[in-house]
Structure formats: C-alpha cells, structure tokens
>>> print(open('work-v6.txt').read())   # compact mmCIF, C-alpha atoms and all ligand atoms
# COMPACT_ATOMS: atom_id res chain seq x y z
CA MET A 1 3.43 -12.98 -7.00
CA ILE A 2 2.73 -9.26 -7.21
CA LEU A 3 6.02 -7.87 -8.51
CA GLY A 4 7.12 -4.72 -10.24
CA SER A 5 9.69 -1.97 -10.25
CA HIS A 6 9.92 1.73 -9.82
CA LEU A 7 8.77 3.45 -13.04
CA SER A 8 8.78 7.01 -14.32
CA MET A 9 5.47 8.82 -14.60
CA ALA A 10 6.89 11.38 -17.04
CA LYS A 11 4.73 10.08 -19.91
CA GLY A 12 1.62 9.46 -17.86
CA TYR A 13 -0.08 6.50 -16.17
CA THR A 14 -1.14 4.53 -19.24
CA LYS A 15 2.44 4.58 -20.53
CA ALA A 16 3.70 3.38 -17.12
CA VAL A 17 1.19 0.50 -17.07
CA GLU A 18 2.27 -0.46 -20.62
CA GLU A 19 5.91 -0.37 -19.56
CA ALA A 20 5.14 -2.52 -16.52
CA ILE A 21 3.40 -5.11 -18.72
CA SER A 22 6.34 -5.09 -21.15
CA ILE A 23 8.78 -6.11 -18.38
CA GLY A 24 6.56 -8.82 -16.88
CA ALA A 25 5.41 -6.72 -13.93
CA ASN A 26 1.90 -6.68 -12.46
CA THR A 27 2.39 -3.61 -10.30
CA PHE A 28 4.79 -0.66 -10.04
CA GLN A 29 5.93 2.17 -7.84
CA PHE A 30 5.92 5.82 -8.91
CA PHE A 31 6.75 9.22 -7.48
CA THR A 32 3.75 11.39 -6.68
CA ARG A 33 5.70 14.42 -7.98
CA ASN A 34 9.29 15.35 -8.71
CA PRO A 35 11.27 13.33 -6.14
CA ARG A 36 13.12 16.51 -5.18
CA GLY A 37 9.75 18.01 -4.24
CA GLY A 38 7.74 20.91 -5.54
CA LYS A 39 4.39 21.31 -7.22
CA ALA A 40 2.65 18.25 -8.68
CA LYS A 41 1.49 18.06 -12.29
CA ALA A 42 -2.24 18.31 -12.97
CA LEU A 43 -3.91 14.89 -13.27
CA ASN A 44 -5.08 13.75 -16.69
CA LEU A 45 -8.30 11.90 -15.89
CA LYS A 46 -8.63 10.34 -19.36
CA ASP A 47 -5.15 8.88 -19.03
CA ILE A 48 -5.95 7.56 -15.55
CA GLU A 49 -9.17 5.95 -16.77
CA LYS A 50 -7.30 4.20 -19.59
CA ALA A 51 -4.54 3.06 -17.22
CA THR A 52 -7.08 1.68 -14.74
CA LYS A 53 -8.78 -0.36 -17.47
CA LEU A 54 -5.47 -1.77 -18.67
CA MET A 55 -4.48 -2.68 -15.10
CA LYS A 56 -7.75 -4.59 -14.64
CA GLU A 57 -7.29 -6.51 -17.89
CA HIS A 58 -3.83 -7.55 -16.79
CA HIS A 59 -4.83 -8.42 -13.19
CA PHE A 60 -2.55 -5.89 -11.55
CA GLY A 61 -2.00 -5.88 -7.81
CA GLN A 62 -1.80 -2.78 -5.64
CA LEU A 63 0.31 0.14 -6.90
CA LEU A 64 2.65 1.98 -4.56
CA ALA A 65 3.06 5.75 -4.64
CA HIS A 66 6.29 7.15 -3.20
CA ALA A 67 6.46 10.60 -1.57
CA PRO A 68 9.29 12.97 -2.58
CA TYR A 69 12.63 12.57 -0.79
CA THR A 70 12.61 16.19 0.34
CA MET A 71 9.60 15.53 2.54
CA ASN A 72 10.78 15.79 6.14
CA LEU A 73 7.97 16.04 8.65
CA CYS A 74 10.45 16.40 11.55
CA SER A 75 12.67 19.10 10.09
CA GLU A 76 13.64 21.72 12.65
CA LYS A 77 13.19 24.30 9.87
CA GLU A 78 9.56 25.37 10.10
CA ASP A 79 9.28 26.11 6.36
CA VAL A 80 10.54 22.61 5.44
CA ALA A 81 8.24 20.94 7.98
CA SER A 82 5.19 22.88 6.85
CA PHE A 83 5.91 22.39 3.13
CA SER A 84 6.29 18.65 3.88
CA LYS A 85 2.88 18.61 5.51
CA TYR A 86 1.40 20.46 2.54
CA MET A 87 2.96 17.94 0.10
CA MET A 88 1.60 14.94 2.01
CA LYS A 89 -1.88 16.44 2.28
CA ASP A 90 -1.84 17.26 -1.42
CA ASP A 91 -0.54 13.78 -2.34
CA LEU A 92 -3.25 12.09 -0.28
CA GLU A 93 -5.91 14.26 -1.93
CA ARG A 94 -4.62 13.49 -5.45
CA LEU A 95 -4.41 9.77 -4.73
CA LYS A 96 -8.18 9.72 -4.30
CA ASN A 97 -8.31 9.98 -8.11
CA LEU A 98 -5.72 7.31 -8.85
CA PRO A 99 -5.94 3.50 -8.99
CA CYS A 100 -3.44 3.28 -6.14
CA ASP A 101 -3.88 1.85 -2.64
CA LEU A 102 -0.52 2.39 -0.96
CA TYR A 103 1.49 5.55 -0.22
CA ASN A 104 5.04 5.25 1.10
CA PHE A 105 7.14 7.96 2.75
CA HIS A 106 10.45 8.27 4.60
CA PRO A 107 9.70 9.03 8.25
CA GLY A 108 12.27 11.84 8.23
CA SER A 109 15.66 13.00 9.53
CA HIS A 110 15.80 14.75 12.89
CA VAL A 111 19.05 16.61 12.05
CA GLY A 112 20.14 17.03 15.64
CA LEU A 113 16.78 17.29 17.41
CA GLY A 114 17.18 13.71 18.63
CA VAL A 115 15.10 10.64 17.87
CA GLU A 116 12.48 11.24 20.54
CA LYS A 117 11.73 14.84 19.55
CA GLY A 118 11.83 13.82 15.89
CA ILE A 119 9.26 11.09 16.41
CA GLU A 120 7.06 13.51 18.31
CA LYS A 121 7.17 15.97 15.39
CA ILE A 122 6.35 13.19 12.91
CA THR A 123 3.35 11.89 14.87
CA ASN A 124 2.05 15.44 15.47
CA ALA A 125 2.28 16.15 11.74
CA LEU A 126 0.58 12.86 10.82
CA ASN A 127 -2.22 13.61 13.27
CA GLU A 128 -2.75 16.98 11.58
CA ILE A 129 -2.81 15.36 8.13
CA ILE A 130 -4.59 12.02 8.47
CA THR A 131 -8.37 12.16 8.71
CA GLY A 132 -9.15 8.48 8.22
CA GLU A 133 -10.89 9.36 4.91
CA GLU A 134 -7.83 8.62 2.76
CA ALA A 135 -8.03 6.32 -0.25
CA VAL A 136 -4.66 4.77 0.55
CA LEU A 137 -2.81 3.16 3.42
CA ILE A 138 0.09 5.39 4.52
CA LEU A 139 3.29 3.39 4.83
CA LEU A 140 6.38 4.23 6.86
CA GLU A 141 9.49 2.98 5.09
CA THR A 142 12.13 1.18 7.14
CA MET A 143 15.34 3.22 6.78
CA SER A 144 19.06 2.41 6.85
CA GLY A 145 19.90 4.95 9.56
CA LYS A 146 22.22 7.08 7.45
CA GLY A 147 22.77 10.51 8.96
CA THR A 148 19.99 11.19 11.45
CA GLU A 149 17.28 9.14 9.73
CA ILE A 150 14.38 7.97 11.86
CA GLY A 151 12.90 4.55 11.13
CA LYS A 152 16.10 2.46 11.32
CA THR A 153 14.65 0.20 14.01
CA PHE A 154 11.31 -1.58 14.23
CA GLU A 155 10.85 0.09 17.64
CA GLU A 156 11.02 3.59 16.10
CA ILE A 157 8.46 2.63 13.45
CA LYS A 158 6.18 1.14 16.11
CA THR A 159 6.42 4.27 18.27
CA ILE A 160 5.29 6.41 15.32
CA ILE A 161 2.34 4.12 14.54
CA ASP A 162 1.32 4.13 18.20
CA GLY A 163 1.32 7.92 18.21
CA VAL A 164 -1.03 8.20 15.23
CA LYS A 165 -4.72 8.52 16.11
CA HIS A 166 -5.84 6.85 12.88
CA SER A 167 -3.32 4.01 13.21
CA GLU A 168 -5.68 1.89 11.08
CA SER A 169 -4.60 4.09 8.14
CA MET A 170 -0.93 3.23 8.70
CA GLY A 171 1.31 0.43 7.45
CA VAL A 172 4.97 -0.36 6.82
CA CYS A 173 7.08 -0.81 3.69
CA LEU A 174 10.15 -2.91 4.40
CA ASP A 175 13.19 -2.08 2.27
CA THR A 176 15.59 -5.04 2.15
CA CYS A 177 18.66 -2.87 1.42
CA HIS A 178 17.80 -0.51 4.27
CA VAL A 179 17.06 -3.14 6.95
CA TYR A 180 20.22 -5.07 6.10
CA SER A 181 22.25 -1.85 6.37
CA ALA A 182 20.50 -1.06 9.64
CA GLY A 183 21.58 -4.38 11.16
CA TYR A 184 18.71 -6.81 10.54
CA ASP A 185 20.29 -9.98 9.19
CA ILE A 186 17.90 -11.05 6.45
CA VAL A 187 20.71 -13.11 4.88
CA ASP A 188 21.53 -15.50 7.73
CA ASP A 189 18.45 -15.13 9.92
CA LEU A 190 15.40 -14.18 7.83
CA ASP A 191 13.02 -16.05 10.15
CA GLY A 192 14.46 -14.23 13.16
CA VAL A 193 13.99 -10.82 11.51
CA ILE A 194 10.40 -11.63 10.51
CA GLU A 195 9.66 -12.82 14.04
CA GLU A 196 11.09 -9.64 15.47
CA PHE A 197 9.05 -7.51 13.06
CA ASP A 198 5.95 -9.44 14.13
CA LYS A 199 6.71 -9.13 17.84
CA ILE A 200 7.47 -5.40 17.74
CA ILE A 201 5.23 -3.98 14.98
CA GLY A 202 2.96 -6.86 13.93
CA LEU A 203 3.11 -8.50 10.51
CA ASP A 204 -0.41 -7.22 9.76
CA TYR A 205 1.17 -3.79 9.26
CA LEU A 206 3.58 -5.03 6.57
CA LYS A 207 1.99 -3.93 3.27
CA ALA A 208 4.87 -3.64 0.77
CA ILE A 209 8.47 -4.73 0.27
CA HIS A 210 11.19 -2.82 -1.56
CA LEU A 211 13.32 -5.62 -2.98
CA ASN A 212 16.89 -4.35 -3.38
CA ASP A 213 20.38 -5.72 -3.06
CA SER A 214 22.91 -3.52 -1.23
CA LYS A 215 26.30 -2.11 -2.24
CA THR A 216 27.41 -1.80 1.39
CA PRO A 217 28.05 -4.33 4.18
CA PHE A 218 25.71 -5.53 6.91
CA LYS A 219 25.17 -2.85 9.59
CA SER A 220 26.95 -0.17 7.55
CA PHE A 221 24.10 2.37 8.06
CA LYS A 222 24.49 3.41 4.41
CA ASP A 223 21.81 3.53 1.70
CA ARG A 224 23.26 2.32 -1.60
CA HIS A 225 21.00 0.05 -3.63
CA GLU A 226 22.54 -2.61 -5.86
CA LYS A 227 21.22 -4.81 -8.68
CA LEU A 228 19.82 -8.16 -7.52
CA GLY A 229 22.57 -10.69 -6.95
CA LEU A 230 25.46 -8.24 -7.28
CA GLY A 231 25.44 -6.94 -3.73
CA THR A 232 26.03 -7.99 -0.13
CA ILE A 233 22.55 -9.52 0.28
CA GLY A 234 22.78 -11.76 -2.77
CA GLU A 235 20.35 -13.60 -5.02
CA LYS A 236 19.79 -16.60 -2.74
CA ALA A 237 18.59 -14.48 0.20
CA LEU A 238 16.36 -12.34 -2.03
CA ILE A 239 14.74 -15.45 -3.53
CA GLU A 240 14.11 -16.78 -0.03
CA ILE A 241 12.36 -13.51 0.76
CA ILE A 242 9.93 -13.69 -2.18
CA ASN A 243 9.11 -17.31 -1.32
CA HIS A 244 8.79 -16.92 2.45
CA PRO A 245 5.29 -18.06 3.47
CA LYS A 246 4.81 -14.91 5.60
CA LEU A 247 5.98 -12.54 2.84
CA ARG A 248 4.98 -14.12 -0.46
CA ASN A 249 1.57 -12.44 -0.68
CA ILE A 250 2.95 -8.94 -0.08
CA PRO A 251 3.68 -6.85 -3.22
CA PHE A 252 7.39 -6.54 -4.13
CA PHE A 253 8.92 -3.46 -5.78
CA LEU A 254 12.41 -3.31 -7.28
CA GLU A 255 14.34 -0.09 -6.70
CA THR A 256 17.58 -1.39 -8.12
CA PRO A 257 19.83 0.82 -10.28
CA ASN A 258 18.36 -0.27 -13.64
CA GLU A 259 16.71 0.86 -16.82
CA LEU A 260 13.69 -1.05 -18.13
CA GLU A 261 15.78 -3.89 -19.63
CA GLY A 262 17.56 -4.47 -16.32
CA TYR A 263 14.27 -4.57 -14.43
CA LYS A 264 12.87 -7.04 -16.96
CA HIS A 265 15.88 -9.29 -16.42
CA GLU A 266 15.47 -9.20 -12.62
CA ILE A 267 11.72 -9.85 -12.84
CA ASP A 268 12.45 -12.85 -15.10
CA ILE A 269 14.89 -14.30 -12.58
CA LEU A 270 12.49 -13.81 -9.67
CA ARG A 271 9.49 -15.27 -11.49
CA ARG A 272 11.56 -18.30 -12.56
CA ASN A 273 12.57 -18.87 -8.95
CA GLU A 274 9.12 -18.44 -7.44
CA ASN A 275 7.96 -21.65 -5.76
CA GLY A 276 4.77 -23.04 -7.36
FE FE B 301 12.17 5.15 -0.32
FE FE B 302 13.10 1.94 -0.62
ZN ZN B 303 17.20 3.49 -0.27
>>> encode(input="work-v6.txt", output="structure tokens")
Amino acid sequence: MILGSHLSMAKGYTKAVEEAISIGANTFQFFTRNPRGGKAKALNLKDIEKATKLMKEHHFGQLLAHAPYTMNLCSEKEDVASFSKYMMKDDLERLKNLPCDLYNFHPGSHVGLGVEKGIEKITNALNEIITGEEAVLILLETMSGKGTEIGKTFEEIKTIIDGVKHSESMGVCLDTCHVYSAGYDIVDDLDGVIEEFDKIIGLDYLKAIHLNDSKTPFKSFKDRHEKLGLGTIGEKALIEIINHPKLRNIPFFLETPNELEGYKHEIDILRRNENG
C-alpha cells in the first residue's frame, strides 16, 4: 500500500523524505508554497537530488503536491482569479523539477456567482493554464460543499473535466471527510459510492485519496477533519476503504489533525489492517 501523510516542507525535501520514512510512510503530501498563498521559495536542486535518491532506495510511490488554499480560479474578484492562475502556472512549472507526479487543488468557491458560472470560470482558467506539457497530473479535490464550494458532487467534478481541452492531464483526489460531509455514504454503502463515482466520472480518473475521519455528521456540508477512528466515519469504514479492490492501489494521504507521532500511530494501524 502506498500510504503517507501531509508533511511540512519547511526544512526541505530530503528532511521530508526522512520524516516520511521515520513514520512508516512511502509517500507524502506537501504544500507547493505557503498554504495561505504568496511567493514560493527558490528550489534547492541539491536537496531535491538527495531526496529523489532516498525515495528510490525506499521504493516510494507517487508524491502529491497540494496547491495553496487561497487559490480560487472562480473568484469574482479579478485580482484573486488572476493571482490564482499565476500560482497554478508557477506551481506546474516548479513541479517539473521535483520528483512529484500529482498536483491537487480545490476547484474553488463561486461566492455568489452560482455553480454554473463558477464552473465556467474554472474551466476557462484551466484551459489558459494547461498545455499538456506538464510533469504532473492535475487533480480536482472532491469538496464538502461548505459555503459556496464547487466540487461537492461527482457531477460538478465531471463537468469541469469535460470542459478542459487537455482532459488527459486531469484526475481526481477523493477526500473521505469531504465526500462523507457532502452526502456520499462511504460508511454504509462504500460499493454504491464507488459505483457512482465510476458511472459519473470514471474510476480511471481517481488518482489519490485523502484518508481522513470527520468531526461532523453525514451530509453536514462542513469540513472538519478528525483523527482516524475518532470521528463519524470510524476506523472500520476507513480500513474497508484501504482494502477495497478498486481503491487499494491508489495512494492514500492522511490529513488528520496530528503531529508526526500521531501520523506514525495511524500508519501503524492501517498497515496492520491491510489485507495480505
Ligand atoms: Fe485539500
Ligand atoms: Fe483533503
Ligand atoms: Zn478538508
């Protein structure tokens, strides 16, 4: 199983790979820059080279880069929308130098424009940005639907993918906390949810899973991650997810409220409960 957690890049890539190894992970997720947005740090190519070597030695799976939260390609404020486009372009350029194959972003919040107009703005922006020459697949994250978030249904995600010219560069990252909050019952009907994902989007597009428990009830349209087993989804359902024949080969990333020790503990539990 390819499994890891979100890790800080504050001390560089080699340090992050070492931390991942120390908690039993063979991948990790990281922010491309300060999650609140802004200018990215210059890349240290020596550090990246060292990290890449270490990842190979330890048979790492695909890493997942996460775009800043402030990115909103469908903002009605022109300066926010254009800075978001700049950040994504810059991220995609920088990722050409990193041992990373997947780039995840939040589709955006329409803040009153309406879902349809919001989706149109997102696809227009993606068509300006994506050339098909990227080094990564660009993943839309499934969202909980808090506020005016787009991406709370599989249909919305599918509409965005269909609007992108280079749809072969696109994929989806399913967040278990978000989909459960958005009303997909992965606790009592995991097979049904997977079938629906397949019917509407296509399982081929599913490239990463954010494995989180949730602090809030089913269909609450909130976004509050919880430690594995302590939330409304529960350990049993999360273990079924990592073992599901249609999901088990997809990389899993913990975004639970933890420090390194807590992540290590959760990775231990999951690895112990992985079916041969
Ligand atoms: Fe996210
Ligand atoms: Fe997530
Ligand atoms: Zn979340």
>>> residues_near_point(input="work-v6.txt", point="(-6.3, 4.6, 14.4)", cutoff="12 Å", atoms="all atoms listed in the file", output="list in words")
Leu126, Asn127, Ile130, Thr131, Gly132, Glu133, Leu137, Ile138, Ile160, Ile161, Asp162, Gly163, Val164, Lys165, His166, Ser167, Glu168, Ser169, Met170 and Gly171 of chain A
>>> atom_distance(input="work-v6.txt", atom1="atom CA of A:Asn243", atom2="atom CA of A:Pro257")
22.9 Å
>>> residues_near_ligand(input="work-v6.txt", ligand="ligand FE 301 (chain B)", cutoff="9 Å", atoms="only C-alpha atoms and all ligand atoms", output="VMD selection string")
chain A and resid 66 to 69 104 to 106 141 to 143 173 175 210 255
>>> write_last_selection(input="work-v6.txt", atoms="C-alpha atoms", output="PDB file, in the coordinates of the input")
ATOM      1  CA  HIS A  66       6.290   7.150  -3.200  1.00  0.00           C
ATOM      2  CA  ALA A  67       6.460  10.600  -1.570  1.00  0.00           C
ATOM      3  CA  PRO A  68       9.290  12.970  -2.580  1.00  0.00           C
ATOM      4  CA  TYR A  69      12.630  12.570  -0.790  1.00  0.00           C
ATOM      5  CA  ASN A 104       5.040   5.250   1.100  1.00  0.00           C
ATOM      6  CA  PHE A 105       7.140   7.960   2.750  1.00  0.00           C
ATOM      7  CA  HIS A 106      10.450   8.270   4.600  1.00  0.00           C
ATOM      8  CA  GLU A 141       9.490   2.980   5.090  1.00  0.00           C
ATOM      9  CA  THR A 142      12.130   1.180   7.140  1.00  0.00           C
ATOM     10  CA  MET A 143      15.340   3.220   6.780  1.00  0.00           C
ATOM     11  CA  CYS A 173       7.080  -0.810   3.690  1.00  0.00           C
ATOM     12  CA  ASP A 175      13.190  -2.080   2.270  1.00  0.00           C
ATOM     13  CA  HIS A 210      11.190  -2.820  -1.560  1.00  0.00           C
ATOM     14  CA  GLU A 255      14.340  -0.090  -6.700  1.00  0.00           C
TER      15      GLU A 255
END
>>> residues_around(input="work-v6.txt", residues="A:Gly151", least_positions_apart="6", cutoff="10 Å", atoms="all atoms listed in the file", output="PDB file with C-alpha atoms, in the frame of the given file")
ATOM      1  CA  HIS A 106      10.450   8.270   4.600  1.00  0.00           C
ATOM      2  CA  PRO A 107       9.700   9.030   8.250  1.00  0.00           C
ATOM      3  CA  GLY A 108      12.270  11.840   8.230  1.00  0.00           C
ATOM      4  CA  SER A 109      15.660  13.000   9.530  1.00  0.00           C
ATOM      5  CA  VAL A 115      15.100  10.640  17.870  1.00  0.00           C
ATOM      6  CA  ILE A 119       9.260  11.090  16.410  1.00  0.00           C
ATOM      7  CA  LEU A 140       6.380   4.230   6.860  1.00  0.00           C
ATOM      8  CA  GLU A 141       9.490   2.980   5.090  1.00  0.00           C
ATOM      9  CA  THR A 142      12.130   1.180   7.140  1.00  0.00           C
ATOM     10  CA  MET A 143      15.340   3.220   6.780  1.00  0.00           C
ATOM     11  CA  SER A 144      19.060   2.410   6.850  1.00  0.00           C
ATOM     12  CA  GLY A 145      19.900   4.950   9.560  1.00  0.00           C
ATOM     13  CA  ILE A 157       8.460   2.630  13.450  1.00  0.00           C
ATOM     14  CA  LYS A 158       6.180   1.140  16.110  1.00  0.00           C
ATOM     15  CA  THR A 159       6.420   4.270  18.270  1.00  0.00           C
ATOM     16  CA  ILE A 160       5.290   6.410  15.320  1.00  0.00           C
ATOM     17  CA  HIS A 178      17.800  -0.510   4.270  1.00  0.00           C
ATOM     18  CA  VAL A 179      17.060  -3.140   6.950  1.00  0.00           C
ATOM     19  CA  ALA A 182      20.500  -1.060   9.640  1.00  0.00           C
TER      20      ALA A 182
END
>>> closest_residue(input="work-v6.txt", among="A:Leu7, A:Ala81, A:Cys177, A:Ala42", to="A:Leu63", atoms="only C-alpha atoms")
A:Leu7
>>> closest_residue(input="work-v6.txt", among="A:His110, A:Lys227, A:Lys117, A:Lys41", to="A:Ile150", atoms="all atoms listed in the file")
A:His110
>>> closest_residue(input="work-v6.txt", among="A:Ala51, A:Ala65, A:Ile209, A:Ile200", to="A:Phe28", atoms="all atoms listed in the file")
A:Ala65
>>> residues_around(input="work-v6.txt", residues="A:Gly61", least_positions_apart="5", cutoff="12 Å", atoms="all atoms listed in the file", output="ChimeraX atom specification")
/A:1-4,17,20,25-29,52,55-56,99-102,207-208,249-253
>>> residues_near_point(input="work-v6.txt", point="(2.2, 18.5, -2.8)", cutoff="12 Å", atoms="all atoms listed in the file", output="PDB file with C-alpha atoms, in the coordinates of the input")
ATOM      1  CA  PHE A  31       6.750   9.220  -7.480  1.00  0.00           C
ATOM      2  CA  THR A  32       3.750  11.390  -6.680  1.00  0.00           C
ATOM      3  CA  ARG A  33       5.700  14.420  -7.980  1.00  0.00           C
ATOM      4  CA  ASN A  34       9.290  15.350  -8.710  1.00  0.00           C
ATOM      5  CA  PRO A  35      11.270  13.330  -6.140  1.00  0.00           C
ATOM      6  CA  ARG A  36      13.120  16.510  -5.180  1.00  0.00           C
ATOM      7  CA  GLY A  37       9.750  18.010  -4.240  1.00  0.00           C
ATOM      8  CA  GLY A  38       7.740  20.910  -5.540  1.00  0.00           C
ATOM      9  CA  LYS A  39       4.390  21.310  -7.220  1.00  0.00           C
ATOM     10  CA  ALA A  40       2.650  18.250  -8.680  1.00  0.00           C
ATOM     11  CA  LYS A  41       1.490  18.060 -12.290  1.00  0.00           C
ATOM     12  CA  ALA A  42      -2.240  18.310 -12.970  1.00  0.00           C
ATOM     13  CA  ALA A  67       6.460  10.600  -1.570  1.00  0.00           C
ATOM     14  CA  PRO A  68       9.290  12.970  -2.580  1.00  0.00           C
ATOM     15  CA  THR A  70      12.610  16.190   0.340  1.00  0.00           C
ATOM     16  CA  MET A  71       9.600  15.530   2.540  1.00  0.00           C
ATOM     17  CA  SER A  82       5.190  22.880   6.850  1.00  0.00           C
ATOM     18  CA  PHE A  83       5.910  22.390   3.130  1.00  0.00           C
ATOM     19  CA  SER A  84       6.290  18.650   3.880  1.00  0.00           C
ATOM     20  CA  LYS A  85       2.880  18.610   5.510  1.00  0.00           C
ATOM     21  CA  TYR A  86       1.400  20.460   2.540  1.00  0.00           C
ATOM     22  CA  MET A  87       2.960  17.940   0.100  1.00  0.00           C
ATOM     23  CA  MET A  88       1.600  14.940   2.010  1.00  0.00           C
ATOM     24  CA  LYS A  89      -1.880  16.440   2.280  1.00  0.00           C
ATOM     25  CA  ASP A  90      -1.840  17.260  -1.420  1.00  0.00           C
ATOM     26  CA  ASP A  91      -0.540  13.780  -2.340  1.00  0.00           C
ATOM     27  CA  LEU A  92      -3.250  12.090  -0.280  1.00  0.00           C
ATOM     28  CA  GLU A  93      -5.910  14.260  -1.930  1.00  0.00           C
ATOM     29  CA  ARG A  94      -4.620  13.490  -5.450  1.00  0.00           C
ATOM     30  CA  LEU A  95      -4.410   9.770  -4.730  1.00  0.00           C
TER      31      LEU A  95
END
>>> atom_distance(input="work-v6.txt", atom1="atom CA of A:Ile269", atom2="atom CA of A:Phe221")
28.1 Å
>>> decode(input="work-v6.txt", residues="stretch 139-147 of chain A", atoms="all heavy atoms", output="CSV table (one decimal), in the first residue's frame")
chain,number,residue,atom,x,y,z
A,139,LEU,N,-5.1,17.3,-10.2
A,139,LEU,CA,-6.2,16.6,-9.6
A,139,LEU,C,-7.2,17.6,-9.0
A,139,LEU,O,-6.8,18.5,-8.3
A,139,LEU,CB,-5.8,15.7,-8.5
A,139,LEU,CG,-4.6,14.7,-8.8
A,139,LEU,CD1,-4.5,13.7,-7.7
A,139,LEU,CD2,-4.9,13.9,-10.1
A,140,LEU,N,-8.5,17.4,-9.3
A,140,LEU,CA,-9.5,18.2,-8.6
A,140,LEU,C,-9.9,17.5,-7.3
A,140,LEU,O,-10.1,16.3,-7.4
A,140,LEU,CB,-10.8,18.2,-9.5
A,140,LEU,CG,-10.7,19.0,-10.8
A,140,LEU,CD1,-11.6,18.4,-11.9
A,140,LEU,CD2,-11.0,20.5,-10.6
A,141,GLU,N,-9.9,18.2,-6.2
A,141,GLU,CA,-10.3,17.5,-5.0
A,141,GLU,C,-11.8,17.6,-4.8
A,141,GLU,O,-12.4,18.6,-5.0
A,141,GLU,CB,-9.6,18.2,-3.8
A,141,GLU,CG,-9.9,17.6,-2.4
A,141,GLU,CD,-9.0,18.0,-1.3
A,141,GLU,OE1,-8.0,18.7,-1.5
A,141,GLU,OE2,-9.2,17.5,-0.2
A,142,THR,N,-12.4,16.5,-4.3
A,142,THR,CA,-13.8,16.4,-4.0
A,142,THR,C,-14.0,17.2,-2.7
A,142,THR,O,-13.3,17.0,-1.7
A,142,THR,CB,-14.3,15.0,-3.8
A,142,THR,OG1,-13.6,14.4,-2.7
A,142,THR,CG2,-14.1,14.1,-5.0
A,143,MET,N,-14.9,18.2,-2.7
A,143,MET,CA,-15.1,19.1,-1.6
A,143,MET,C,-16.4,18.8,-0.8
A,143,MET,O,-17.2,18.1,-1.2
A,143,MET,CB,-15.1,20.5,-2.1
A,143,MET,CG,-13.9,20.9,-2.9
A,143,MET,SD,-12.3,20.5,-2.1
A,143,MET,CE,-12.3,21.7,-0.7
A,144,SER,N,-16.4,19.4,0.4
A,144,SER,CA,-17.5,19.1,1.3
A,144,SER,C,-18.8,19.9,1.0
A,144,SER,O,-19.9,19.6,1.4
A,144,SER,CB,-17.1,19.3,2.8
A,144,SER,OG,-16.9,20.7,3.0
A,145,GLY,N,-18.6,21.0,0.3
A,145,GLY,CA,-19.7,21.9,0.0
A,145,GLY,C,-20.0,22.9,1.0
A,145,GLY,O,-21.0,23.5,1.0
A,146,LYS,N,-19.0,23.2,1.8
A,146,LYS,CA,-19.1,24.3,2.8
A,146,LYS,C,-19.1,25.6,2.0
A,146,LYS,O,-18.5,25.8,1.0
A,146,LYS,CB,-18.0,24.3,3.9
A,146,LYS,CG,-16.6,24.7,3.4
A,146,LYS,CD,-15.7,24.9,4.5
A,146,LYS,CE,-14.4,25.6,4.1
A,146,LYS,NZ,-13.5,24.7,3.3
A,147,GLY,N,-19.9,26.6,2.5
A,147,GLY,CA,-20.0,27.9,1.8
A,147,GLY,C,-20.5,27.7,0.4
A,147,GLY,O,-21.5,27.0,0.2
